[in-house]
Protein chains: 2
Amino acid sequence: MRKVVLYIAMSLDGYIADIDGKVHWLCGEDINNNYMDSYLKFINTVDTVVMGRTTYNQIVNELSPNNWVYNNLTSYVITNTPFKANSKIISTNENVCNLIQKLKKYSGKNIWICGGANIINQLIDKNLIDIYHISIIPTILGNGIKLFDKFSIERKLKLISNNSYNGIVDLVYEHR
Amino acid sequence: MRKVVLYIAMSLDGYIADIDGKVHWLCGEDINNNYMDSYLKFINTVDTVVMGRTTYNQIVNELSPNNWVYNNLTSYVITNTPFKANSKIISTNENVCNLIQKLKKYSGKNIWICGGANIINQLIDKNLIDIYHISIIPTILGNGIKLFDKFSIERKLKLISNNSYNGIVDLVYEHR
């Protein structure tokens, strides 16, 4: 069965965005080194990406205003106010856990959960993440938006791989 | 000059102890695998260990009631109520930042900061940690005592090494 993959970068102290929601600090030690092998390898394993409205807005307003960055994927945007985009972008106010459980029943490549924290933590809480692929950025950011909320249940993990490039460490886990 | 090393384990979600202050979950995937190479290699690089009173109490009451575990090191215990122990254990109510700045002026091996969070964060805040050696335990603990407080200044790091054993990932950083 296709898997649900949380693929995201966080600072050593656990932040995915700074206090203003910005992500300019999400880079390795050499900011001119745009090593993409890890991302390109990953993106070939998925055909679907799921994100919240804030993440969507950040992509279209800041990261890539002129063309949709995930044109090779089917993109789902979870939002209270669905909007019309194009045939590759589906916006919905469906609960993200229900959507993921539905998408898992279809055949296909893996499903990428790319953010934000609200969506991610709903999925962790319901144990709906199969693979945690966390890129540790070499910085103690100090403040911002945390990746992990608090949970009442511990989730024991199994390390699948551990690679580093340009000071960034890619940790990949499954459930034990 | 000797360096100040924060050597500590945390869960993937950033906790160093659970909500009751317990650390029984600080282990790798196979709980019967007591791989110690990383610790033994580290302990040979230090001759001094600095800790708070809670960490000290945890060691003598829970981890090793019969003999002091760091007999080969000079141990400093930061506490509001200094006590008499033995010649290898010095308890003091001195501010931990002042103590560290004083100890750095003496010759010797590196200085280990082993916890707890209060002492660690005072030292991070004053930029007095030279090496961050963080062992990532393969678990999302969910709740407990956080390693990192919030800070107003970002600390950019440089990855020195990255090793894994039994699902635990040892990340070692210096300042950039």
# chains A, B, ... in the order shown; residues from 1 in each chain; ligands from 1
>>> calpha_fit_and_write(fixed="chain A", moving="chain B", output="compact mmCIF listing (two decimals) with N, CA and C atoms, in the first residue's frame")
# COMPACT_ATOMS: atom_id res chain seq x y z
N MET B 1 0.89 -1.21 -0.03
CA MET B 1 0.03 0.00 -0.02
C MET B 1 0.91 1.27 -0.02
N ARG B 2 0.48 2.28 -0.72
CA ARG B 2 1.23 3.55 -0.73
C ARG B 2 1.36 4.10 0.70
N LYS B 3 2.43 4.83 0.93
CA LYS B 3 2.68 5.32 2.28
C LYS B 3 2.52 6.84 2.39
N VAL B 4 2.27 7.28 3.60
CA VAL B 4 2.13 8.71 3.90
C VAL B 4 3.44 9.18 4.50
N VAL B 5 4.09 10.13 3.83
CA VAL B 5 5.43 10.54 4.22
C VAL B 5 5.43 12.00 4.67
N LEU B 6 5.85 12.22 5.90
CA LEU B 6 6.12 13.59 6.34
C LEU B 6 7.55 13.90 5.95
N TYR B 7 7.72 14.78 4.96
CA TYR B 7 9.07 15.18 4.52
C TYR B 7 9.17 16.67 4.77
N ILE B 8 9.99 17.05 5.74
CA ILE B 8 10.03 18.46 6.17
C ILE B 8 11.37 18.76 6.83
N ALA B 9 11.75 20.02 6.82
CA ALA B 9 12.99 20.44 7.46
C ALA B 9 12.66 21.14 8.77
N MET B 10 13.49 20.90 9.78
CA MET B 10 13.34 21.65 11.04
C MET B 10 14.72 22.02 11.58
N SER B 11 14.77 23.06 12.38
CA SER B 11 16.01 23.44 13.07
C SER B 11 16.32 22.41 14.15
N LEU B 12 17.54 22.42 14.67
CA LEU B 12 17.91 21.48 15.73
C LEU B 12 16.98 21.63 16.93
N ASP B 13 16.48 22.85 17.15
CA ASP B 13 15.55 23.07 18.26
C ASP B 13 14.08 22.96 17.85
N GLY B 14 13.82 22.34 16.69
CA GLY B 14 12.46 21.88 16.40
C GLY B 14 11.51 22.83 15.69
N TYR B 15 12.04 23.89 15.06
CA TYR B 15 11.16 24.84 14.37
C TYR B 15 11.13 24.61 12.86
N ILE B 16 9.95 24.81 12.25
CA ILE B 16 9.81 24.68 10.80
C ILE B 16 9.66 26.04 10.12
N ALA B 17 9.42 27.07 10.89
CA ALA B 17 9.35 28.43 10.37
C ALA B 17 9.72 29.37 11.50
N ASP B 18 10.18 30.56 11.17
CA ASP B 18 10.55 31.48 12.25
C ASP B 18 9.29 32.15 12.81
N ILE B 19 9.47 33.08 13.71
CA ILE B 19 8.34 33.68 14.44
C ILE B 19 7.40 34.45 13.49
N ASP B 20 7.94 34.87 12.33
CA ASP B 20 7.11 35.55 11.32
C ASP B 20 6.64 34.60 10.22
N GLY B 21 6.85 33.30 10.42
CA GLY B 21 6.43 32.31 9.42
C GLY B 21 7.39 32.17 8.26
N LYS B 22 8.55 32.80 8.34
CA LYS B 22 9.51 32.80 7.23
C LYS B 22 10.44 31.58 7.28
N VAL B 23 10.93 31.19 6.11
CA VAL B 23 11.75 29.97 6.00
C VAL B 23 13.09 30.21 5.29
N HIS B 24 13.52 31.46 5.23
CA HIS B 24 14.78 31.78 4.54
C HIS B 24 16.00 31.11 5.19
N TRP B 25 15.89 30.72 6.46
CA TRP B 25 16.99 30.10 7.21
C TRP B 25 17.08 28.60 6.94
N LEU B 26 16.13 28.06 6.15
CA LEU B 26 16.13 26.62 5.84
C LEU B 26 17.18 26.31 4.78
N CYS B 27 18.44 26.34 5.18
CA CYS B 27 19.50 26.05 4.23
C CYS B 27 20.67 25.43 4.98
N GLY B 28 21.63 24.93 4.21
CA GLY B 28 22.79 24.29 4.83
C GLY B 28 23.83 25.31 5.23
N GLU B 29 25.02 24.82 5.54
CA GLU B 29 26.10 25.69 6.02
C GLU B 29 26.54 26.66 4.92
N ASP B 30 26.68 26.15 3.69
CA ASP B 30 27.04 27.00 2.56
C ASP B 30 25.76 27.37 1.84
N ILE B 31 25.32 28.63 1.97
CA ILE B 31 24.01 29.01 1.43
C ILE B 31 24.01 29.06 -0.09
N ASN B 32 25.20 29.01 -0.70
CA ASN B 32 25.26 28.99 -2.16
C ASN B 32 25.26 27.58 -2.74
N ASN B 33 25.27 26.58 -1.83
CA ASN B 33 25.27 25.18 -2.26
C ASN B 33 23.82 24.70 -2.32
N ASN B 34 23.29 24.60 -3.53
CA ASN B 34 21.90 24.17 -3.69
C ASN B 34 21.82 22.68 -4.01
N TYR B 35 22.40 21.88 -3.14
CA TYR B 35 22.38 20.44 -3.32
C TYR B 35 20.93 19.94 -3.32
N MET B 36 20.54 19.27 -4.39
CA MET B 36 19.13 18.89 -4.52
C MET B 36 18.94 17.37 -4.63
N ASP B 37 20.02 16.60 -4.58
CA ASP B 37 19.91 15.15 -4.80
C ASP B 37 18.88 14.48 -3.89
N SER B 38 18.92 14.88 -2.62
CA SER B 38 18.02 14.26 -1.65
C SER B 38 16.56 14.56 -2.02
N TYR B 39 16.28 15.81 -2.35
CA TYR B 39 14.92 16.21 -2.73
C TYR B 39 14.47 15.52 -4.01
N LEU B 40 15.36 15.48 -5.03
CA LEU B 40 15.00 14.88 -6.31
C LEU B 40 14.74 13.38 -6.17
N LYS B 41 15.51 12.74 -5.30
CA LYS B 41 15.31 11.31 -5.04
C LYS B 41 13.94 11.11 -4.36
N PHE B 42 13.66 11.98 -3.41
CA PHE B 42 12.38 11.88 -2.69
C PHE B 42 11.19 12.13 -3.60
N ILE B 43 11.25 13.19 -4.40
CA ILE B 43 10.08 13.63 -5.18
C ILE B 43 9.65 12.56 -6.18
N ASN B 44 10.59 11.70 -6.57
CA ASN B 44 10.25 10.61 -7.49
C ASN B 44 9.47 9.49 -6.82
N THR B 45 9.39 9.52 -5.47
CA THR B 45 8.68 8.45 -4.76
C THR B 45 7.23 8.82 -4.45
N VAL B 46 6.84 10.08 -4.78
CA VAL B 46 5.47 10.53 -4.46
C VAL B 46 4.76 11.00 -5.73
N ASP B 47 3.41 10.93 -5.71
CA ASP B 47 2.64 11.51 -6.82
C ASP B 47 1.58 12.48 -6.31
N THR B 48 1.54 12.64 -4.97
CA THR B 48 0.51 13.46 -4.34
C THR B 48 1.15 14.27 -3.22
N VAL B 49 0.75 15.53 -3.11
CA VAL B 49 1.23 16.34 -1.99
C VAL B 49 0.02 16.99 -1.30
N VAL B 50 0.07 16.99 0.03
CA VAL B 50 -1.04 17.55 0.83
C VAL B 50 -0.48 18.66 1.70
N MET B 51 -1.16 19.79 1.70
CA MET B 51 -0.68 20.94 2.49
C MET B 51 -1.85 21.77 3.02
N GLY B 52 -1.55 22.63 3.99
CA GLY B 52 -2.55 23.56 4.50
C GLY B 52 -2.56 24.84 3.67
N ARG B 53 -3.52 25.71 3.95
CA ARG B 53 -3.68 26.94 3.16
C ARG B 53 -2.50 27.89 3.35
N THR B 54 -1.96 27.96 4.57
CA THR B 54 -0.84 28.87 4.82
C THR B 54 0.38 28.44 4.02
N THR B 55 0.63 27.13 3.99
CA THR B 55 1.76 26.61 3.21
C THR B 55 1.55 26.91 1.72
N TYR B 56 0.32 26.69 1.25
CA TYR B 56 0.00 26.98 -0.16
C TYR B 56 0.26 28.47 -0.47
N ASN B 57 -0.25 29.34 0.39
CA ASN B 57 -0.07 30.77 0.17
C ASN B 57 1.41 31.16 0.14
N GLN B 58 2.17 30.53 1.03
CA GLN B 58 3.60 30.83 1.08
C GLN B 58 4.29 30.44 -0.23
N ILE B 59 3.88 29.31 -0.78
CA ILE B 59 4.48 28.86 -2.04
C ILE B 59 4.13 29.81 -3.18
N VAL B 60 2.84 30.14 -3.32
CA VAL B 60 2.44 30.95 -4.49
C VAL B 60 2.79 32.44 -4.32
N ASN B 61 2.87 32.90 -3.09
CA ASN B 61 3.17 34.33 -2.88
C ASN B 61 4.66 34.62 -2.73
N GLU B 62 5.39 33.66 -2.15
CA GLU B 62 6.80 33.96 -1.85
C GLU B 62 7.77 33.12 -2.65
N LEU B 63 7.55 31.80 -2.65
CA LEU B 63 8.57 30.91 -3.21
C LEU B 63 8.53 30.86 -4.73
N SER B 64 7.34 30.82 -5.32
CA SER B 64 7.25 30.65 -6.77
C SER B 64 5.96 31.26 -7.30
N PRO B 65 5.89 32.57 -7.43
CA PRO B 65 4.65 33.25 -7.82
C PRO B 65 4.19 32.93 -9.25
N ASN B 66 5.10 32.56 -10.13
CA ASN B 66 4.74 32.46 -11.54
C ASN B 66 4.29 31.07 -12.01
N ASN B 67 4.81 30.05 -11.41
CA ASN B 67 4.32 28.72 -11.80
C ASN B 67 4.25 27.78 -10.60
N TRP B 68 3.28 26.89 -10.65
CA TRP B 68 3.05 25.98 -9.54
C TRP B 68 4.20 24.98 -9.45
N VAL B 69 4.84 24.93 -8.28
CA VAL B 69 6.09 24.16 -8.14
C VAL B 69 5.91 22.65 -8.22
N TYR B 70 4.70 22.17 -7.93
CA TYR B 70 4.49 20.71 -7.90
C TYR B 70 3.63 20.24 -9.05
N ASN B 71 3.98 20.69 -10.25
CA ASN B 71 3.18 20.39 -11.43
C ASN B 71 3.11 18.91 -11.77
N ASN B 72 4.09 18.15 -11.31
CA ASN B 72 4.09 16.71 -11.59
C ASN B 72 3.30 15.91 -10.55
N LEU B 73 2.78 16.60 -9.54
CA LEU B 73 2.04 15.92 -8.47
C LEU B 73 0.59 16.40 -8.49
N THR B 74 -0.30 15.60 -7.90
CA THR B 74 -1.64 16.11 -7.58
C THR B 74 -1.55 16.76 -6.21
N SER B 75 -1.93 18.04 -6.15
CA SER B 75 -1.79 18.80 -4.91
C SER B 75 -3.15 18.98 -4.23
N TYR B 76 -3.22 18.66 -2.97
CA TYR B 76 -4.42 18.92 -2.17
C TYR B 76 -4.12 20.04 -1.18
N VAL B 77 -4.99 21.05 -1.18
CA VAL B 77 -4.85 22.16 -0.23
C VAL B 77 -6.04 22.10 0.74
N ILE B 78 -5.73 21.92 2.02
CA ILE B 78 -6.79 21.89 3.05
C ILE B 78 -7.07 23.32 3.48
N THR B 79 -8.32 23.75 3.36
CA THR B 79 -8.65 25.15 3.66
C THR B 79 -10.12 25.25 4.06
N ASN B 80 -10.40 26.20 4.94
CA ASN B 80 -11.80 26.44 5.32
C ASN B 80 -12.58 27.06 4.18
N THR B 81 -11.88 27.72 3.25
CA THR B 81 -12.55 28.41 2.14
C THR B 81 -11.97 27.91 0.82
N PRO B 82 -12.49 26.75 0.33
CA PRO B 82 -11.98 26.19 -0.93
C PRO B 82 -12.05 27.21 -2.07
N PHE B 83 -11.11 27.09 -3.00
CA PHE B 83 -10.98 28.05 -4.10
C PHE B 83 -10.76 27.29 -5.40
N LYS B 84 -10.91 27.98 -6.51
CA LYS B 84 -10.66 27.36 -7.81
C LYS B 84 -9.24 27.66 -8.24
N ALA B 85 -8.47 26.64 -8.55
CA ALA B 85 -7.10 26.86 -9.01
C ALA B 85 -6.99 26.23 -10.40
N ASN B 86 -6.30 25.14 -10.53
CA ASN B 86 -6.28 24.44 -11.82
C ASN B 86 -6.46 22.95 -11.57
N SER B 87 -6.44 22.16 -12.61
CA SER B 87 -6.82 20.75 -12.48
C SER B 87 -5.82 19.95 -11.63
N LYS B 88 -4.61 20.49 -11.44
CA LYS B 88 -3.61 19.78 -10.64
C LYS B 88 -3.69 20.14 -9.16
N ILE B 89 -4.49 21.19 -8.84
CA ILE B 89 -4.59 21.65 -7.45
C ILE B 89 -6.03 21.51 -6.99
N ILE B 90 -6.25 20.68 -6.00
CA ILE B 90 -7.60 20.44 -5.48
C ILE B 90 -7.67 21.05 -4.10
N SER B 91 -8.55 22.04 -3.91
CA SER B 91 -8.70 22.60 -2.57
C SER B 91 -9.96 22.03 -1.94
N THR B 92 -9.87 21.75 -0.64
CA THR B 92 -10.98 21.07 0.03
C THR B 92 -11.02 21.46 1.50
N ASN B 93 -12.24 21.46 2.05
CA ASN B 93 -12.36 21.70 3.49
C ASN B 93 -12.57 20.38 4.25
N GLU B 94 -12.26 19.28 3.58
CA GLU B 94 -12.36 17.97 4.22
C GLU B 94 -11.32 17.86 5.35
N ASN B 95 -11.67 17.16 6.41
CA ASN B 95 -10.71 16.88 7.48
C ASN B 95 -9.51 16.13 6.90
N VAL B 96 -8.31 16.57 7.26
CA VAL B 96 -7.12 16.00 6.62
C VAL B 96 -6.96 14.50 6.90
N CYS B 97 -7.38 14.06 8.07
CA CYS B 97 -7.27 12.63 8.40
C CYS B 97 -8.19 11.80 7.51
N ASN B 98 -9.41 12.30 7.31
CA ASN B 98 -10.34 11.60 6.41
C ASN B 98 -9.80 11.56 4.99
N LEU B 99 -9.27 12.69 4.53
CA LEU B 99 -8.71 12.76 3.17
C LEU B 99 -7.59 11.73 3.00
N ILE B 100 -6.69 11.69 3.97
CA ILE B 100 -5.53 10.77 3.86
C ILE B 100 -6.01 9.31 3.86
N GLN B 101 -6.95 9.00 4.73
CA GLN B 101 -7.45 7.62 4.77
C GLN B 101 -8.09 7.23 3.44
N LYS B 102 -8.74 8.20 2.79
CA LYS B 102 -9.37 7.96 1.48
C LYS B 102 -8.28 7.78 0.41
N LEU B 103 -7.30 8.68 0.41
CA LEU B 103 -6.25 8.63 -0.62
C LEU B 103 -5.43 7.34 -0.52
N LYS B 104 -5.25 6.84 0.70
CA LYS B 104 -4.46 5.62 0.88
C LYS B 104 -5.11 4.40 0.22
N LYS B 105 -6.42 4.48 0.03
CA LYS B 105 -7.14 3.35 -0.58
C LYS B 105 -6.93 3.29 -2.09
N TYR B 106 -6.54 4.42 -2.70
CA TYR B 106 -6.26 4.43 -4.14
C TYR B 106 -4.86 3.90 -4.36
N SER B 107 -4.62 3.34 -5.53
CA SER B 107 -3.26 2.93 -5.86
C SER B 107 -2.47 4.18 -6.25
N GLY B 108 -1.15 4.07 -6.19
CA GLY B 108 -0.32 5.21 -6.58
C GLY B 108 0.98 5.21 -5.81
N LYS B 109 1.77 6.23 -6.09
CA LYS B 109 3.02 6.41 -5.35
C LYS B 109 2.69 6.95 -3.95
N ASN B 110 3.71 7.21 -3.17
CA ASN B 110 3.50 7.70 -1.81
C ASN B 110 2.86 9.09 -1.79
N ILE B 111 2.36 9.45 -0.62
CA ILE B 111 1.68 10.74 -0.41
C ILE B 111 2.55 11.60 0.50
N TRP B 112 2.88 12.78 0.02
CA TRP B 112 3.77 13.69 0.76
C TRP B 112 2.95 14.67 1.60
N ILE B 113 3.22 14.70 2.89
CA ILE B 113 2.65 15.73 3.76
C ILE B 113 3.73 16.80 3.90
N CYS B 114 3.44 18.01 3.38
CA CYS B 114 4.53 19.00 3.36
C CYS B 114 4.31 20.15 4.35
N GLY B 115 3.20 20.17 5.07
CA GLY B 115 2.99 21.19 6.10
C GLY B 115 1.60 21.79 5.97
N GLY B 116 1.25 22.72 6.90
CA GLY B 116 2.05 23.12 8.03
C GLY B 116 1.82 22.29 9.28
N ALA B 117 2.23 22.85 10.39
CA ALA B 117 2.24 22.13 11.67
C ALA B 117 0.85 21.62 12.07
N ASN B 118 -0.17 22.39 11.79
CA ASN B 118 -1.53 22.01 12.19
C ASN B 118 -1.95 20.69 11.54
N ILE B 119 -1.74 20.59 10.24
CA ILE B 119 -2.09 19.38 9.49
C ILE B 119 -1.22 18.20 9.94
N ILE B 120 0.07 18.46 10.06
CA ILE B 120 1.02 17.41 10.45
C ILE B 120 0.61 16.81 11.80
N ASN B 121 0.29 17.67 12.76
CA ASN B 121 0.01 17.17 14.10
C ASN B 121 -1.33 16.46 14.21
N GLN B 122 -2.29 16.84 13.37
CA GLN B 122 -3.53 16.05 13.31
C GLN B 122 -3.23 14.63 12.84
N LEU B 123 -2.33 14.51 11.87
CA LEU B 123 -1.99 13.20 11.31
C LEU B 123 -1.15 12.37 12.28
N ILE B 124 -0.20 13.01 12.98
CA ILE B 124 0.59 12.28 13.98
C ILE B 124 -0.32 11.76 15.08
N ASP B 125 -1.25 12.63 15.50
CA ASP B 125 -2.15 12.27 16.59
C ASP B 125 -2.98 11.03 16.26
N LYS B 126 -3.36 10.91 15.00
CA LYS B 126 -4.16 9.74 14.57
C LYS B 126 -3.28 8.62 14.04
N ASN B 127 -1.95 8.78 14.19
CA ASN B 127 -0.99 7.75 13.77
C ASN B 127 -1.08 7.47 12.27
N LEU B 128 -1.27 8.51 11.48
CA LEU B 128 -1.44 8.34 10.03
C LEU B 128 -0.19 8.67 9.22
N ILE B 129 0.93 8.97 9.90
CA ILE B 129 2.20 9.16 9.19
C ILE B 129 2.93 7.80 9.17
N ASP B 130 3.29 7.33 7.99
CA ASP B 130 4.02 6.05 7.89
C ASP B 130 5.53 6.26 7.94
N ILE B 131 6.01 7.32 7.30
CA ILE B 131 7.44 7.59 7.23
C ILE B 131 7.71 9.04 7.66
N TYR B 132 8.62 9.19 8.60
CA TYR B 132 9.05 10.54 9.03
C TYR B 132 10.40 10.80 8.39
N HIS B 133 10.46 11.75 7.47
CA HIS B 133 11.71 12.12 6.80
C HIS B 133 12.01 13.56 7.22
N ILE B 134 12.85 13.71 8.23
CA ILE B 134 13.10 15.01 8.84
C ILE B 134 14.51 15.47 8.48
N SER B 135 14.62 16.63 7.87
CA SER B 135 15.93 17.21 7.54
C SER B 135 16.29 18.20 8.64
N ILE B 136 17.37 17.90 9.37
CA ILE B 136 17.77 18.77 10.48
C ILE B 136 18.70 19.87 9.95
N ILE B 137 18.21 21.09 10.00
CA ILE B 137 18.98 22.26 9.57
C ILE B 137 19.98 22.63 10.67
N PRO B 138 21.24 22.92 10.30
CA PRO B 138 22.26 23.17 11.33
C PRO B 138 22.14 24.55 11.97
N THR B 139 21.10 24.72 12.77
CA THR B 139 20.92 25.99 13.47
C THR B 139 20.03 25.79 14.69
N ILE B 140 20.32 26.59 15.73
CA ILE B 140 19.38 26.72 16.85
C ILE B 140 18.64 28.02 16.58
N LEU B 141 17.42 27.90 16.07
CA LEU B 141 16.71 29.09 15.57
C LEU B 141 16.27 29.99 16.72
N GLY B 142 15.87 29.38 17.83
CA GLY B 142 15.54 30.18 19.02
C GLY B 142 14.06 30.38 19.25
N ASN B 143 13.28 30.50 18.17
CA ASN B 143 11.85 30.76 18.32
C ASN B 143 11.16 30.54 16.98
N GLY B 144 9.87 30.35 17.00
CA GLY B 144 9.14 30.18 15.75
C GLY B 144 7.99 29.20 15.86
N ILE B 145 7.69 28.55 14.74
CA ILE B 145 6.58 27.58 14.68
C ILE B 145 7.17 26.18 14.85
N LYS B 146 6.74 25.51 15.90
CA LYS B 146 7.25 24.17 16.24
C LYS B 146 6.74 23.12 15.25
N LEU B 147 7.58 22.13 14.94
CA LEU B 147 7.08 21.00 14.16
C LEU B 147 6.11 20.16 14.98
N PHE B 148 6.55 19.76 16.18
CA PHE B 148 5.77 18.80 16.96
C PHE B 148 4.93 19.47 18.05
N ASP B 149 3.64 19.14 18.08
CA ASP B 149 2.80 19.47 19.22
C ASP B 149 3.08 18.49 20.36
N LYS B 150 2.36 18.67 21.46
CA LYS B 150 2.40 17.68 22.54
C LYS B 150 1.41 16.55 22.23
N PHE B 151 1.79 15.33 22.63
CA PHE B 151 0.91 14.17 22.43
C PHE B 151 0.87 13.36 23.72
N SER B 152 -0.24 12.66 23.93
CA SER B 152 -0.37 11.85 25.14
C SER B 152 0.24 10.47 24.97
N ILE B 153 0.54 10.09 23.73
CA ILE B 153 1.09 8.75 23.47
C ILE B 153 2.46 8.87 22.82
N GLU B 154 3.43 8.09 23.32
CA GLU B 154 4.75 8.03 22.71
C GLU B 154 4.69 7.22 21.42
N ARG B 155 5.44 7.65 20.39
CA ARG B 155 5.54 6.90 19.13
C ARG B 155 6.99 6.45 18.96
N LYS B 156 7.24 5.19 19.21
CA LYS B 156 8.59 4.66 19.07
C LYS B 156 8.92 4.48 17.59
N LEU B 157 10.11 4.91 17.19
CA LEU B 157 10.49 4.91 15.78
C LEU B 157 11.67 3.98 15.53
N LYS B 158 11.85 3.68 14.25
CA LYS B 158 12.96 2.83 13.78
C LYS B 158 13.70 3.64 12.72
N LEU B 159 14.99 3.83 12.91
CA LEU B 159 15.78 4.62 11.97
C LEU B 159 16.01 3.81 10.68
N ILE B 160 15.61 4.39 9.56
CA ILE B 160 15.76 3.70 8.26
C ILE B 160 17.03 4.17 7.55
N SER B 161 17.26 5.49 7.60
CA SER B 161 18.49 5.99 6.99
C SER B 161 18.89 7.31 7.62
N ASN B 162 20.14 7.67 7.40
CA ASN B 162 20.76 8.82 8.05
C ASN B 162 21.87 9.33 7.14
N ASN B 163 21.59 10.43 6.43
CA ASN B 163 22.58 10.99 5.50
C ASN B 163 22.75 12.47 5.76
N SER B 164 23.96 12.97 5.50
CA SER B 164 24.16 14.41 5.66
C SER B 164 24.82 15.01 4.43
N TYR B 165 24.52 16.29 4.16
CA TYR B 165 25.06 17.04 3.03
C TYR B 165 24.98 18.50 3.40
N ASN B 166 26.09 19.20 3.24
CA ASN B 166 26.12 20.64 3.50
C ASN B 166 25.63 20.98 4.92
N GLY B 167 25.92 20.11 5.87
CA GLY B 167 25.53 20.36 7.26
C GLY B 167 24.11 19.97 7.62
N ILE B 168 23.31 19.63 6.60
CA ILE B 168 21.92 19.19 6.85
C ILE B 168 21.93 17.67 7.05
N VAL B 169 21.20 17.19 8.06
CA VAL B 169 21.14 15.74 8.30
C VAL B 169 19.72 15.25 7.99
N ASP B 170 19.62 14.31 7.07
CA ASP B 170 18.33 13.72 6.71
C ASP B 170 18.10 12.46 7.52
N LEU B 171 17.15 12.50 8.41
CA LEU B 171 16.80 11.34 9.23
C LEU B 171 15.49 10.75 8.74
N VAL B 172 15.48 9.46 8.43
CA VAL B 172 14.26 8.82 7.96
C VAL B 172 13.88 7.70 8.93
N TYR B 173 12.64 7.76 9.41
CA TYR B 173 12.15 6.78 10.38
C TYR B 173 10.84 6.16 9.90
N GLU B 174 10.62 4.92 10.33
CA GLU B 174 9.28 4.30 10.27
C GLU B 174 8.86 4.00 11.70
N HIS B 175 7.64 3.51 11.88
CA HIS B 175 7.24 3.09 13.23
C HIS B 175 7.90 1.77 13.59
N ARG B 176 8.21 1.59 14.88
CA ARG B 176 8.76 0.32 15.34
C ARG B 176 7.63 -0.68 15.45
>>> select_by_dssp(residues="chain A", states="strand (DSSP E or B)", output="PyMOL selection string")
chain A and resi 4-11+15-17+46-52+74-78+89-92+110-115+131-137+139-140+145-146+155-165+168-175
>>> select_by_dssp(residues="segment 4-173 of chain B", states="helix (DSSP H, G or I)", output="ChimeraX atom specification")
/B:37-43,53-63,96-105,117-125
